[in-house]
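Engineer: Dumping the structure here so I can ask a few things about it.
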Amino acid sequence: MSVELPEDPFHRRLHHVVPAEMTGDTSQTGGMLRRAAISGASVGSRRLWMGQTHVAPATVSAAHHHGDSETAIYVVSGTPSFVFLDVEGGEPHEVRIDAAPGDYIFVPPFVPHREENPDPEVEAVVVIARSTQEAIVVNLPELKWTGPVRTST
């Protein structure tokens, strides 16, 4: 016997997404493969996107940013690097963060960056969570700011 529950915030179902259900039907950047798990399309999320990114060995992604979305990254495997521009000292210069399994990275909104996998043999896999329903990816021709640069926190 099936019981119909009312559609209200306290009577909605949980969603279980297994790896085989993840989809590549999301924004992509050269040198990387993003696979969506939690999104508006997959589970009806309203404010969150979550998935995996795979970076092949010896790969450098295209420069990009994620619009108004905050991005949190958890390194599952491999040794990915994250490169962005900093303006400490007044002159823009590249900063490289070398990460390892278990590390977390936070990417603020609109920050141009790229991911790299310097390992010549091992793929890097990260889990990504974004503060927007869908994955916003704005690919850029180069790693540089196109608007005002925030110099304080």
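Chain labels run A, B, ... following the order of the structure tokens; each chain numbers its residues from 1, and ligands are numbered from 1 in the order shown.
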Write down as a list in words the residues belonging to chain A that are assigned helix (DSSP H, G or I) by DSSP computed on the backbone.
Structural biologist: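 Of chain A, only Pro19, Ala20, Glu21, Gly40, Ala41, Ser42 and Val43 of chain A fall in helix (DSSP H, G or I).
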Engineer: With C-alpha atoms retained, write the just-selected residues as a PDB file, in the first residue's frame.
Structural biologist:
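Dumped everything to result14.pdb:
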```pdb
ATOM      1  CA  PRO A  19      28.731   7.033  -9.421  1.00  0.00           C
ATOM      2  CA  ALA A  20      27.029   5.415 -12.432  1.00  0.00           C
ATOM      3  CA  GLU A  21      24.317   8.104 -12.275  1.00  0.00           C
ATOM      4  CA  GLY A  40      18.940  21.102  -9.955  1.00  0.00           C
ATOM      5  CA  ALA A  41      18.647  18.677 -12.875  1.00  0.00           C
ATOM      6  CA  SER A  42      19.621  15.546 -10.934  1.00  0.00           C
ATOM      7  CA  VAL A  43      17.902  15.976  -7.563  1.00  0.00           C
TER       8      VAL A  43
END
```
Engineer: Mind dumping a table of every segment 71-120 of chain A residue within 9 Å of segment 128-145 of chain A, with the nearest atom pair and its distance in Å to one decimal, using only C-alpha atoms, sorted by chain and rising number, as a tab-separated table?
Structural biologist:
```
residue	atom	partner	partner_atom	distance
A:Thr71	CA	A:Arg130	CA	4.6
A:Ala72	CA	A:Ala129	CA	5.2
A:Ile73	CA	A:Ile128	CA	4.6
A:Tyr74	CA	A:Ile128	CA	6.5
A:Val75	CA	A:Ile128	CA	8.9
A:Val83	CA	A:Leu143	CA	8.7
A:Phe84	CA	A:Leu143	CA	7.2
A:Leu85	CA	A:Lys144	CA	6.8
A:Pro92	CA	A:Lys144	CA	8.6
A:Glu94	CA	A:Leu143	CA	8.7
A:Phe110	CA	A:Trp145	CA	8.8
A:Val111	CA	A:Trp145	CA	7.7
A:Pro112	CA	A:Leu143	CA	6.0
A:His113	CA	A:Leu143	CA	6.3
A:Arg114	CA	A:Leu143	CA	7.6
```
Engineer: Where in segment 21-68 of chain A does DSSP assign strand (DSSP E), given as an MDAnalysis selection string?
Structural biologist: chainID A and resid 33:38 49:55 59:60 64:65
Engineer: Given the choices A:Leu14, A:Ala56, A:Val95, A:Ile105, which gets closest to Pro118 of chain A if the distance is worked out from only C-alpha atoms?
Structural biologist: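 Of the candidates, the smallest distance to Pro118 of chain A is held by A:Ala56.
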Engineer: Report, in Å with one decimal, the straight-line distance from atom CA of Leu33 of chain A to atom CA of Ala62 of chain A.
Structural biologist: 11.8 Å
Engineer: Write out as an MDAnalysis selection string the residues lying within 8 Å of Ser39 of chain A, counting only C-alpha atoms and excluding same-chain residues fewer than 6 positions away.
Structural biologist: chainID A and resid 45:46 48:50 133:134
Engineer: Using only C-alpha atoms, find the one residue out of A:Pro120, A:Gly44, A:Pro109, A:Gly89 that sits nearest to Ser69 of chain A.
Structural biologist: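 Of A:Pro120, A:Gly44, A:Pro109, A:Gly89, the one nearest Ser69 of chain A, counting only C-alpha atoms, is A:Pro109.
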Engineer: For Thr59 of chain A, which residue among A:Gly102, A:Met22, A:Arg96, A:Gly31 is the nearest when counting only C-alpha atoms?
Structural biologist: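 Result for the nearest residue to Thr59 of chain A: A:Gly31.
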Engineer: What gap, in Å, lies between atom CA of Asn117 of chain A and atom CA of Asp25 of chain A?
Structural biologist: 22.7 Å
Engineer: Taking only C-alpha atoms into account, which of A:Val18, A:Asp8, A:Gln28, A:Ala99 comes nearest Asp119 of chain A?
Structural biologist: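 Checking each of A:Val18, A:Asp8, A:Gln28, A:Ala99 against Asp119 of chain A, counting only C-alpha atoms, the winner is A:Ala99.
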Engineer: Pick the closest to Asp103 of chain A from A:Gly51, A:Pro80, A:Gly67, A:Gly24: which is it, counting only C-alpha atoms?
Structural biologist: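 Nearest to Asp103 of chain A: A:Pro80.
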Engineer: With distances taken over only C-alpha atoms, which of A:Met32, A:Ala37, A:Ala63, A:Ala124 is nearest to Ser81 of chain A?
Structural biologist: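 Using only C-alpha atoms, Ser81 of chain A sits closest to A:Ala124.
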Engineer: One number please: atom CA of His15 of chain A to atom CA of Ile38 of chain A, in Å, one decimal.
Structural biologist: 8.9 Å
